[in-house]
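> Provided herewith: data-v5.tsv, TSV, C-alpha atoms.
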chain	number	residue	atom	x	y	z
S	1	MET	CA	-5.16	-15.12	26.98
S	2	ARG	CA	-1.52	-14.10	27.32
S	3	ILE	CA	1.79	-15.24	25.91
S	4	LYS	CA	3.51	-17.70	28.21
S	5	LYS	CA	6.72	-18.28	26.28
S	6	ILE	CA	8.42	-17.65	22.95
S	7	HIS	CA	11.34	-19.88	22.03
S	8	ALA	CA	13.39	-20.44	18.87
S	9	ALA	CA	15.67	-23.27	17.75
S	10	CYS	CA	17.64	-24.22	14.65
S	11	VAL	CA	15.95	-26.88	12.52
S	12	ASP	CA	16.54	-28.94	9.39
S	13	LEU	CA	13.33	-29.02	7.34
S	14	ALA	CA	14.83	-29.92	3.97
S	15	PRO	CA	12.42	-32.07	1.93
S	16	ARG	CA	13.50	-35.65	1.36
S	17	PRO	CA	11.60	-36.82	-1.73
S	18	THR	CA	11.32	-40.53	-2.38
S	19	THR	CA	10.78	-40.26	-6.13
S	20	PRO	CA	14.10	-40.07	-8.01
S	21	PRO	CA	14.49	-37.25	-10.56
S	22	ARG	CA	14.08	-38.39	-14.12
S	23	VAL	CA	17.28	-36.60	-15.12
S	24	PRO	CA	20.52	-36.51	-13.12
S	25	ALA	CA	21.65	-33.41	-11.29
S	26	SER	CA	24.29	-31.30	-13.03
S	27	ALA	CA	22.88	-32.27	-16.40
S	28	VAL	CA	24.42	-30.39	-19.30
S	29	GLY	CA	22.17	-27.61	-20.58
S	30	THR	CA	22.11	-26.21	-24.10
S	31	THR	CA	22.12	-22.58	-23.02
S	32	GLY	CA	24.11	-20.63	-20.52
S	33	ASN	CA	27.23	-22.77	-20.99
S	34	ALA	CA	28.56	-22.37	-24.49
S	35	ALA	CA	31.57	-24.55	-23.73
S	36	GLY	CA	29.30	-27.54	-23.06
S	37	VAL	CA	30.24	-27.84	-19.39
S	38	ALA	CA	27.85	-29.03	-16.71
S	39	ALA	CA	25.05	-26.59	-15.90
S	40	PRO	CA	25.69	-24.45	-12.80
S	41	ARG	CA	24.00	-25.65	-9.63
S	42	ARG	CA	22.87	-22.14	-8.69
S	43	PHE	CA	22.25	-18.79	-10.32
S	44	ARG	CA	24.85	-16.05	-10.25
S	45	HIS	CA	25.55	-14.56	-6.82
S	46	PRO	CA	26.96	-11.04	-6.25
S	47	VAL	CA	30.21	-12.43	-4.81
S	48	ASP	CA	30.82	-14.39	-8.00
S	49	ARG	CA	32.78	-11.40	-9.31
S	50	TYR	CA	35.53	-13.06	-7.23
S	51	PRO	CA	35.76	-16.55	-8.78
S	52	GLY	CA	37.17	-19.54	-6.98
S	53	LEU	CA	35.86	-18.84	-3.49
S	54	PRO	CA	35.45	-22.19	-1.70
S	55	HIS	CA	32.33	-21.14	0.22
S	56	THR	CA	30.00	-18.20	-0.25
S	57	GLY	CA	27.12	-19.05	2.10
S	58	THR	CA	26.78	-18.84	5.87
S	59	GLY	CA	25.76	-22.44	6.42
S	60	TRP	CA	23.21	-21.23	8.97
S	61	PRO	CA	20.09	-23.43	9.14
S	62	ARG	CA	16.45	-22.43	9.34
S	63	VAL	CA	14.96	-21.21	12.58
S	64	ALA	CA	11.64	-22.40	14.02
S	65	CYS	CA	9.91	-20.15	16.55
S	66	VAL	CA	7.19	-21.47	18.87
S	67	ALA	CA	4.89	-19.03	20.67
S	68	THR	CA	2.97	-20.67	23.52
S	69	ALA	CA	-0.13	-19.32	25.26
S	70	GLU	CA	-1.06	-19.81	28.92
S	71	ASP	CA	-3.36	-22.71	28.05
S	72	GLY	CA	-0.62	-24.56	26.16
S	73	THR	CA	-1.83	-23.71	22.64
S	74	TRP	CA	1.12	-22.86	20.42
S	75	GLY	CA	1.85	-21.30	17.05
S	76	LEU	CA	4.76	-21.78	14.65
S	77	GLY	CA	6.83	-19.29	12.69
S	78	LEU	CA	9.87	-19.88	10.50
S	79	THR	CA	12.79	-17.87	9.20
S	80	LEU	CA	16.48	-18.18	8.23
S	81	HIS	CA	20.01	-17.51	9.50
S	82	GLY	CA	20.31	-19.92	12.39
S	83	ALA	CA	21.92	-19.21	15.75
S	84	PRO	CA	22.28	-15.41	15.38
S	85	VAL	CA	18.55	-15.01	14.71
S	86	ALA	CA	17.56	-17.55	17.37
S	87	ALA	CA	19.61	-15.57	19.89
S	88	VAL	CA	17.71	-12.36	19.11
S	89	ILE	CA	14.44	-14.22	19.68
S	90	ASN	CA	15.44	-16.12	22.82
S	91	ASP	CA	17.48	-13.39	24.50
S	92	HIS	CA	15.45	-10.32	23.53
S	93	PHE	CA	12.02	-10.79	21.91
S	94	GLY	CA	10.91	-13.75	24.00
S	95	PRO	CA	11.39	-12.08	27.41
S	96	LEU	CA	10.04	-8.81	25.99
S	97	LEU	CA	6.73	-10.30	24.84
S	98	ALA	CA	6.08	-12.79	27.66
S	99	GLY	CA	2.86	-11.77	29.41
S	100	GLN	CA	1.52	-9.73	26.50
S	101	PRO	CA	-1.96	-10.49	25.06
S	102	VAL	CA	-1.78	-13.24	22.45
S	103	THR	CA	-4.14	-11.51	20.03
S	104	ALA	CA	-2.38	-8.12	20.19
S	105	THR	CA	-0.22	-8.80	17.13
S	106	GLU	CA	0.05	-5.11	16.22
S	107	LYS	CA	1.33	-4.26	19.68
S	108	ALA	CA	3.80	-7.16	19.61
S	109	TRP	CA	5.15	-6.07	16.22
S	110	ASP	CA	5.50	-2.47	17.38
S	111	LEU	CA	7.24	-3.56	20.58
S	112	MET	CA	9.79	-5.62	18.66
S	113	HIS	CA	10.36	-2.86	16.11
S	114	ARG	CA	10.95	-0.25	18.80
S	115	ALA	CA	13.08	-2.56	20.94
S	116	THR	CA	15.57	-3.06	18.09
S	117	ALA	CA	16.46	0.64	18.05
S	118	PRO	CA	19.92	0.07	19.61
S	119	TYR	CA	20.96	-2.36	16.86
S	120	GLY	CA	18.52	-1.69	14.02
S	121	ALA	CA	15.36	-3.41	12.84
S	122	SER	CA	16.76	-4.48	9.45
S	123	GLY	CA	18.78	-7.54	8.53
S	124	LEU	CA	18.99	-10.30	11.12
S	125	ALA	CA	16.63	-8.49	13.49
S	126	SER	CA	13.98	-8.42	10.77
S	127	TYR	CA	14.31	-12.19	10.29
S	128	ALA	CA	13.80	-12.65	14.03
S	129	MET	CA	10.77	-10.35	14.06
S	130	SER	CA	9.31	-12.29	11.16
S	131	ALA	CA	9.47	-15.66	12.92
S	132	VAL	CA	7.89	-14.30	16.10
S	133	ASP	CA	5.16	-12.42	14.25
S	134	LEU	CA	4.23	-15.47	12.17
S	135	ALA	CA	4.13	-17.67	15.27
S	136	LEU	CA	1.80	-15.21	16.99
S	137	TRP	CA	-0.56	-15.05	14.00
S	138	ASP	CA	-0.65	-18.86	13.87
S	139	LEU	CA	-1.37	-18.94	17.60
S	140	LYS	CA	-4.07	-16.28	17.31
S	141	GLY	CA	-5.81	-18.20	14.55
S	142	LYS	CA	-5.76	-21.39	16.57
S	143	LEU	CA	-7.20	-19.69	19.65
S	144	LEU	CA	-9.94	-18.00	17.61
S	145	ARG	CA	-10.49	-21.21	15.60
S	146	ARG	CA	-10.21	-19.39	12.31
S	147	PRO	CA	-7.76	-19.60	9.39
S	148	VAL	CA	-5.44	-16.62	9.27
S	149	TYR	CA	-6.81	-15.45	5.93
S	150	GLU	CA	-10.19	-14.94	7.61
S	151	LEU	CA	-8.54	-12.79	10.27
S	152	LEU	CA	-7.16	-10.65	7.42
S	153	GLY	CA	-10.63	-10.03	6.01
S	154	GLY	CA	-11.49	-13.31	4.31
S	155	PRO	CA	-10.69	-14.70	0.87
S	156	GLN	CA	-10.35	-12.05	-1.84
S	157	LYS	CA	-9.99	-14.59	-4.65
S	158	GLU	CA	-11.17	-18.14	-5.36
S	159	ARG	CA	-7.62	-19.44	-5.86
S	160	ILE	CA	-4.09	-18.11	-6.27
S	161	PHE	CA	-2.42	-18.13	-9.70
S	162	CYS	CA	1.11	-19.50	-9.21
S	163	TYR	CA	4.38	-19.34	-11.10
S	164	ALA	CA	7.47	-21.53	-10.84
S	165	SER	CA	10.95	-20.11	-10.24
S	166	ASN	CA	13.89	-22.09	-11.60
S	167	THR	CA	16.16	-21.43	-8.61
S	168	ASP	CA	17.87	-24.83	-8.83
S	169	LEU	CA	19.87	-24.87	-12.06
S	170	SER	CA	21.51	-28.23	-11.50
S	171	TYR	CA	19.06	-30.15	-13.70
S	172	GLY	CA	19.42	-27.79	-16.64
S	173	MET	CA	17.00	-25.00	-17.46
S	174	GLU	CA	15.37	-26.92	-20.28
S	175	HIS	CA	14.50	-29.95	-18.15
S	176	SER	CA	13.14	-27.81	-15.33
S	177	LEU	CA	10.97	-25.59	-17.54
S	178	GLU	CA	9.54	-28.61	-19.32
S	179	TRP	CA	8.66	-30.11	-15.94
S	180	PHE	CA	7.03	-26.88	-14.75
S	181	LEU	CA	4.80	-26.82	-17.82
S	182	GLU	CA	3.94	-30.47	-17.27
S	183	LEU	CA	2.89	-29.62	-13.70
S	184	GLY	CA	0.45	-27.06	-15.09
S	185	PHE	CA	2.26	-23.78	-14.46
S	186	ARG	CA	1.44	-21.03	-16.95
S	187	ALA	CA	4.16	-18.68	-15.75
S	188	VAL	CA	7.84	-19.27	-14.99
S	189	LYS	CA	10.88	-17.32	-13.89
S	190	ILE	CA	14.50	-17.92	-14.83
S	191	PHE	CA	17.74	-16.65	-13.28
S	192	LEU	CA	20.89	-15.29	-14.85
S	193	THR	CA	24.25	-17.02	-14.82
S	194	THR	CA	26.35	-14.01	-15.86
S	195	GLY	CA	26.93	-10.50	-14.53
S	196	PRO	CA	28.56	-7.18	-15.42
S	197	GLU	CA	32.06	-8.66	-15.20
S	198	GLN	CA	31.36	-10.76	-18.32
S	199	ASN	CA	30.69	-7.58	-20.36
S	200	LEU	CA	29.20	-8.02	-23.84
S	201	PRO	CA	29.76	-11.81	-23.99
S	202	GLY	CA	27.81	-12.10	-20.75
S	203	LEU	CA	24.96	-10.04	-22.14
S	204	ARG	CA	24.85	-12.20	-25.25
S	205	GLU	CA	24.83	-15.34	-23.13
S	206	THR	CA	21.94	-13.94	-21.13
S	207	GLU	CA	20.05	-13.09	-24.31
S	208	ASP	CA	20.60	-16.62	-25.60
S	209	ARG	CA	19.32	-18.02	-22.28
S	210	VAL	CA	16.17	-15.90	-22.28
S	211	ALA	CA	15.55	-16.57	-25.98
S	212	ARG	CA	15.82	-20.32	-25.36
S	213	ALA	CA	13.45	-20.07	-22.39
S	214	ARG	CA	10.91	-18.16	-24.49
S	215	GLU	CA	11.19	-20.79	-27.21
S	216	LEU	CA	10.64	-23.58	-24.67
S	217	VAL	CA	7.58	-22.11	-22.95
S	218	GLY	CA	5.99	-20.56	-26.04
S	219	ASP	CA	4.02	-17.37	-26.39
S	220	ASP	CA	1.15	-18.29	-24.06
S	221	VAL	CA	3.24	-18.69	-20.89
S	222	GLU	CA	4.53	-15.70	-18.92
S	223	LEU	CA	8.31	-15.47	-18.54
S	224	ALA	CA	10.03	-13.37	-15.86
S	225	VAL	CA	13.78	-12.78	-15.39
S	226	ASP	CA	15.62	-12.44	-12.07
S	227	ALA	CA	19.08	-10.82	-12.02
S	228	TRP	CA	19.48	-11.40	-8.23
S	229	LEU	CA	21.24	-8.19	-7.21
S	230	ASN	CA	24.14	-8.55	-9.65
S	231	PRO	CA	23.87	-5.66	-12.14
S	232	ASN	CA	24.78	-2.02	-11.78
S	233	VAL	CA	22.69	0.76	-13.34
S	234	GLU	CA	24.38	0.66	-16.74
S	235	TYR	CA	24.21	-3.13	-16.99
S	236	ALA	CA	20.59	-3.23	-15.83
S	237	VAL	CA	19.56	-0.72	-18.50
S	238	ARG	CA	21.40	-2.62	-21.23
S	239	LEU	CA	19.88	-5.86	-19.98
S	240	GLY	CA	16.36	-4.47	-20.02
S	241	GLU	CA	16.73	-3.10	-23.54
S	242	LEU	CA	18.26	-6.34	-24.79
S	243	LEU	CA	15.36	-8.44	-23.46
S	244	ARG	CA	12.50	-6.37	-24.90
S	245	PRO	CA	11.94	-8.69	-27.89
S	246	TYR	CA	11.27	-11.64	-25.56
S	247	ARG	CA	8.27	-10.01	-23.85
S	248	ILE	CA	9.39	-10.71	-20.32
S	249	LYS	CA	6.77	-10.25	-17.61
S	250	TRP	CA	9.25	-8.38	-15.40
S	251	LEU	CA	12.93	-7.80	-14.61
S	252	GLU	CA	13.64	-8.54	-10.95
S	253	ASP	CA	16.30	-7.57	-8.40
S	254	PHE	CA	18.32	-5.72	-11.02
S	255	LEU	CA	20.45	-3.79	-8.46
S	256	PRO	CA	21.82	-4.27	-4.94
S	257	ALA	CA	18.90	-3.94	-2.53
S	258	ASP	CA	20.07	-0.76	-0.77
S	259	ASP	CA	20.74	1.25	-3.94
S	260	LEU	CA	17.42	3.10	-4.04
S	261	GLU	CA	18.91	5.99	-6.02
S	262	GLY	CA	20.05	3.46	-8.58
S	263	TYR	CA	16.53	2.05	-8.72
S	264	ALA	CA	15.28	5.55	-9.52
S	265	ALA	CA	17.83	5.88	-12.32
S	266	VAL	CA	16.89	2.53	-13.86
S	267	ARG	CA	13.20	3.36	-13.57
S	268	SER	CA	13.68	6.59	-15.54
S	269	ARG	CA	15.84	4.92	-18.18
S	270	LEU	CA	13.72	1.80	-18.78
S	271	PRO	CA	10.23	3.01	-19.67
S	272	GLY	CA	7.88	0.24	-20.61
S	273	ILE	CA	9.74	-2.50	-18.71
S	274	THR	CA	7.96	-3.90	-15.65
S	275	LEU	CA	10.35	-3.83	-12.68
S	276	ALA	CA	10.14	-5.90	-9.50
S	277	SER	CA	12.07	-6.06	-6.23
S	278	GLY	CA	11.79	-6.20	-2.46
S	279	GLU	CA	12.72	-9.64	-1.16
S	280	HIS	CA	15.83	-8.10	0.42
S	281	TRP	CA	14.07	-5.03	1.78
S	282	TYR	CA	13.26	-5.12	5.48
S	283	GLY	CA	10.81	-3.32	7.72
S	284	ILE	CA	8.55	-0.74	6.15
S	285	GLY	CA	10.86	2.19	5.25
S	286	SER	CA	12.34	0.83	2.01
S	287	PHE	CA	8.94	-0.27	0.78
S	288	ALA	CA	7.37	3.09	1.65
S	289	SER	CA	10.15	4.92	-0.23
S	290	ALA	CA	9.85	2.60	-3.23
S	291	VAL	CA	6.09	3.13	-3.35
S	292	GLN	CA	6.30	6.89	-2.97
S	293	ARG	CA	8.84	7.17	-5.78
S	294	ARG	CA	7.32	4.40	-7.94
S	295	LEU	CA	10.72	2.70	-8.16
S	296	VAL	CA	9.22	-0.66	-9.09
S	297	ASP	CA	5.86	-1.95	-10.29
S	298	ILE	CA	5.85	-5.13	-8.19
S	299	LEU	CA	6.83	-5.32	-4.51
S	300	GLN	CA	8.15	-8.70	-3.39
S	301	PRO	CA	8.40	-8.93	0.42
S	302	ASP	CA	9.30	-12.27	1.99
S	303	LEU	CA	7.12	-12.92	5.03
S	304	GLN	CA	9.90	-14.83	6.77
S	305	TRP	CA	12.35	-11.95	6.24
S	306	CYS	CA	10.58	-8.59	6.02
S	307	GLY	CA	9.01	-8.48	9.49
S	308	GLY	CA	6.32	-11.12	9.21
S	309	LEU	CA	2.69	-11.09	8.22
S	310	SER	CA	1.97	-7.86	10.09
S	311	ASN	CA	4.47	-5.95	7.99
S	312	ALA	CA	3.46	-7.71	4.76
S	313	VAL	CA	-0.11	-6.48	5.30
S	314	ARG	CA	1.23	-2.92	5.67
S	315	ILE	CA	3.14	-3.32	2.41
S	316	CYS	CA	0.00	-4.56	0.64
S	317	HIS	CA	-1.95	-1.52	1.79
S	318	LEU	CA	0.82	0.80	0.59
S	319	ALA	CA	0.77	-0.93	-2.79
S	320	ASP	CA	-3.03	-0.69	-3.03
S	321	ALA	CA	-2.92	3.03	-2.38
S	322	ALA	CA	-0.37	3.51	-5.17
S	323	GLY	CA	-1.86	1.13	-7.72
S	324	LEU	CA	1.07	-1.29	-7.45
S	325	THR	CA	1.21	-5.08	-7.17
S	326	VAL	CA	2.57	-7.35	-4.43
S	327	ILE	CA	3.91	-10.86	-4.97
S	328	ALA	CA	5.23	-12.45	-1.79
S	329	HIS	CA	8.72	-13.84	-2.38
S	330	ALA	CA	8.52	-17.65	-2.11
S	331	GLY	CA	4.96	-17.08	-0.93
S	332	MET	CA	3.62	-20.46	-2.07
S	333	ASN	CA	6.40	-22.42	-0.35
S	334	THR	CA	4.71	-22.21	3.06
S	335	PRO	CA	1.23	-21.48	4.44
S	336	PHE	CA	2.37	-18.00	5.56
S	337	GLY	CA	2.46	-16.46	2.11
S	338	GLN	CA	-0.49	-18.53	0.95
S	339	HIS	CA	-2.81	-16.94	3.52
S	340	LEU	CA	-1.58	-13.41	2.80
S	341	SER	CA	-1.98	-13.92	-0.95
S	342	PHE	CA	-5.48	-15.37	-0.58
S	343	ALA	CA	-6.74	-12.36	1.40
S	344	MET	CA	-4.95	-9.31	-0.03
S	345	PRO	CA	-6.29	-7.60	-3.19
S	346	ALA	CA	-2.81	-6.25	-3.98
S	347	VAL	CA	-1.49	-9.81	-4.45
S	348	GLN	CA	-2.32	-11.27	-7.86
S	349	TRP	CA	0.24	-14.07	-8.22
S	350	GLY	CA	2.07	-16.50	-5.96
S	351	GLU	CA	5.66	-17.70	-6.31
S	352	ARG	CA	6.80	-21.28	-5.80
S	353	SER	CA	10.57	-21.32	-5.52
S	354	GLU	CA	13.34	-23.27	-3.73
S	355	GLY	CA	13.73	-25.30	-6.90
S	356	VAL	CA	9.99	-26.10	-7.05
S	357	SER	CA	10.83	-29.77	-7.56
S	358	PRO	CA	13.40	-31.74	-9.58
S	359	PRO	CA	12.06	-32.97	-12.93
S	360	GLY	CA	9.73	-35.89	-12.31
S	361	VAL	CA	9.40	-35.39	-8.53
S	362	PRO	CA	5.80	-34.66	-7.41
S	363	LEU	CA	5.24	-31.34	-5.66
S	364	GLN	CA	3.76	-33.03	-2.60
S	365	GLU	CA	7.16	-34.60	-1.91
S	366	MET	CA	8.78	-31.15	-1.72
S	367	VAL	CA	6.71	-29.82	1.18
S	368	TYR	CA	8.84	-29.07	4.23
S	369	VAL	CA	6.07	-28.11	6.67
S	370	PRO	CA	3.26	-30.64	7.25
S	371	GLY	CA	-0.14	-29.25	6.31
S	372	THR	CA	1.13	-27.07	3.46
S	373	PRO	CA	-1.29	-27.21	0.51
S	374	VAL	CA	0.27	-28.13	-2.83
S	375	ILE	CA	-0.12	-26.27	-6.13
S	376	ARG	CA	-2.34	-28.09	-8.59
S	377	ASP	CA	-2.61	-27.13	-12.25
S	378	GLY	CA	-0.83	-23.84	-11.56
S	379	HIS	CA	-3.18	-22.70	-8.78
S	380	LEU	CA	-3.46	-23.03	-5.01
S	381	VAL	CA	-6.11	-22.70	-2.30
S	382	PRO	CA	-4.85	-22.36	1.31
S	383	SER	CA	-5.91	-24.60	4.16
S	384	ASP	CA	-9.07	-23.56	5.99
S	385	ALA	CA	-7.86	-25.09	9.28
S	386	PRO	CA	-7.28	-22.75	12.24
S	387	GLY	CA	-4.15	-20.60	12.15
S	388	PHE	CA	-2.01	-21.28	9.11
S	389	GLY	CA	-3.24	-24.88	9.01
S	390	ILE	CA	0.21	-26.24	9.86
S	391	GLU	CA	-0.02	-29.86	10.99
S	392	ALA	CA	3.36	-30.17	12.71
S	393	THR	CA	3.45	-31.46	16.29
S	394	LEU	CA	5.93	-30.49	18.97
S	395	GLY	CA	7.35	-33.99	18.67
S	396	TRP	CA	7.85	-33.51	14.94
S	397	LEU	CA	9.61	-30.21	15.57
S	398	GLU	CA	11.82	-31.81	18.20
S	399	SER	CA	12.81	-34.55	15.74
S	400	HIS	CA	13.95	-31.87	13.27
S	401	THR	CA	15.79	-29.69	15.79
S	402	LEU	CA	19.55	-29.49	15.36
Do you think you could lay out the structure here as structure tokens?


Amino acid sequence: MRIKKIHAACVDLAPRPTTPPRVPASAVGTTGNAAGVAAPRRFRHPVDRYPGLPHTGTGWPRVACVATAEDGTWGLGLTLHGAPVAAVINDHFGPLLAGQPVTATEKAWDLMHRATAPYGASGLASYAMSAVDLALWDLKGKLLRRPVYELLGGPQKERIFCYASNTDLSYGMEHSLEWFLELGFRAVKIFLTTGPEQNLPGLRETEDRVARARELVGDDVELAVDAWLNPNVEYAVRLGELLRPYRIKWLEDFLPADDLEGYAAVRSRLPGITLASGEHWYGIGSFASAVQRRLVDILQPDLQWCGGLSNAVRICHLADAAGLTVIAHAGMNTPFGQHLSFAMPAVQWGERSEGVSPPGVPLQEMVYVPGTPVIRDGHLVPSDAPGFGIEATLGWLESHTL
């Protein structure tokens, strides 16, 4: 069976829950805003060193990629960054892969990787590769009538232990963490609202925020901290030392993604602190370098960004060989990361992010792809339906196309 067509389009898949949150958005929190102002709606972004910017995002929507076989069977992949990524798929990867064997996912990945040589396989090209690769794996599973995790070697664990990331700050950290515990999560992650520009007051505010989070979740729940690319080496070291008393599970994304020499410096200066990164690393080179130099303890590739499932499997094998751990960024949000996590020994935990859900809103109302299993009591088991188990129809996709 061969590939007939690969096509991408911009889509709006934002969940539309029917249950109202039990607290209003922009609720005032008790930490992170000493002046008593409304809690920030998002964690600190690297461009926030320049306050007052009216718009810091691209506004680009998600991209859905459909790979269709000669018999009409199709598979679905997703990624980000809208029209620029869709153009790479429709103008380059689609024509390149038409006529290739559907099940030859390694060949397809290698073709795309080599074909990007004139403009580079990182960044937007990696997002495009990810969507195509995921669509082909979904298609392969459907044709072989097997769930993708079986194609990867079968289940390695009975269920996936999951943690909740408080990416949406607009309900207040306290309300969100209380809701996560109520949902059954036994591990959570919080984000910082200050950066190096706030100097010592910012560090103290961060300490207060982490201390409050530890108090809220108690000693029997794991607590991780994400700095989201804001610090420099000096600030990251000070931050790590400051947070030692709060027994954080790890410190994440503590430098800009391309500063691998900085990662090495932080690694040497923060012994005993578990370090994590990788959601903004693309392809295989950065991960291979990080593994070889032991820059972090936990690798965090995003399957919709890093080059798809094919590359994520490579990253897991690298981690296994080095005795490191993999946690797929936002891996529990969609079936893609769920299947990888279920099959790969290097993956021990799964992350549910994108806000998880507003306080009081059931997790099943926050699914944005039909057929996505929902976390229950802090654990998840993927669908055993063919492919990734996605239950979307072409008509449903068309209704969500922009």

> Between S:Ile160, S:Ile327, S:Leu97, S:Ala83, which residue has the minimum interatomic distance to Leu124 of chain S, considering all atoms listed in the file?

S:Ala83

> Between S:Thr103, S:Gln300, S:Gln364, S:Thr206, single out the one closest to Ser341 of chain S, counting all atoms listed in the file.

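For Ser341 of chain S, the nearest of the candidates is S:Gln300.
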
> Just want the 9 Å neighbourhood of Phe254 of chain S, counted on only C-alpha atoms, with same-chain residues fewer than 5 positions away dropped. Output as a list of chain:residue names.

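Once the adjacent positions are removed, what remains is S:Asp226, S:Ala227, S:Trp228, S:Leu229, S:Asn230, S:Pro231, S:Asn232, S:Val233, S:Tyr235, S:Ala236, S:Tyr263, S:Val266, S:Leu275, S:Ala276, S:Ser277.
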
> Please provide as a count of residues only all residues within 9 Å of segment 242-248 of chain S, with the sequence filter that same-chain residues fewer than 4 positions apart are discarded (counting all atoms listed in the file).

16

> Which residues of segment 258-368 of chain S have any atom within 12 Å of an atom in segment 51-74 of chain S when counting only C-alpha atoms, and what is the closest pair of atoms for each, with the distance in Å to one decimal? Order the rows by chain and rising number and write it as a Markdown table.


| residue | atom | partner | partner_atom | distance |
| --- | --- | --- | --- | --- |
| S:Gln304 | CA | S:Val63 | CA | 10.0 |
| S:Trp305 | CA | S:Val63 | CA | 11.5 |
| S:Tyr368 | CA | S:Arg62 | CA | 11.3 |

> Rounded to one decimal place, report the atom CA of Ala288 of chain S-atom CA of Ala264 of chain S distance in Å.

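Atom CA of Ala264 of chain S lies 13.9 Å from atom CA of Ala288 of chain S.
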
> For Ala330 of chain S, which of S:Ser165, S:Ser399, S:Thr193, S:Thr393 is the closest residue, counting only C-alpha atoms?

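Of the candidates, the smallest distance to Ala330 of chain S is held by S:Ser165.
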
> Using all atoms of segment 273-282 of chain S that appear in the file, construct an axis-aligned enclosing box with 5 Å of padding on every side and provide its centre coordinates and edge lengths in Å, rounded to one decimal, as AutoDock Vina command-line options.


--center_x 11.9 --center_y -6.1 --center_z -6.6 --size_x 17.9 --size_y 17.1 --size_z 34.2

> Using all atoms listed in the file and a cutoff of 10 Å, can you tell me which residues are near (19.8, -9.1, 13.2) in the file's coordinates, and write them out as a ChimeraX atom specification?

/S:81,84-89,116,119-129

> Any idea what's packed within 10 Å of Ala319 of chain S, counting only C-alpha atoms, ignoring anything in its chain fewer than 2 positions away? Could you give it as a PyMOL selection string?

chain S and resi 287-288+290-292+294+297-299+313-317+321-326+345-347

> I want to know what sits within 12 Å of Ile375 of chain S, based on all atoms listed in the file, with residues of the same chain fewer than 3 positions away left out; could you give that as a PyMOL selection string?

chain S and resi 159-164+180+183-185+331-335+338+350-353+356-357+362-367+372+378-383
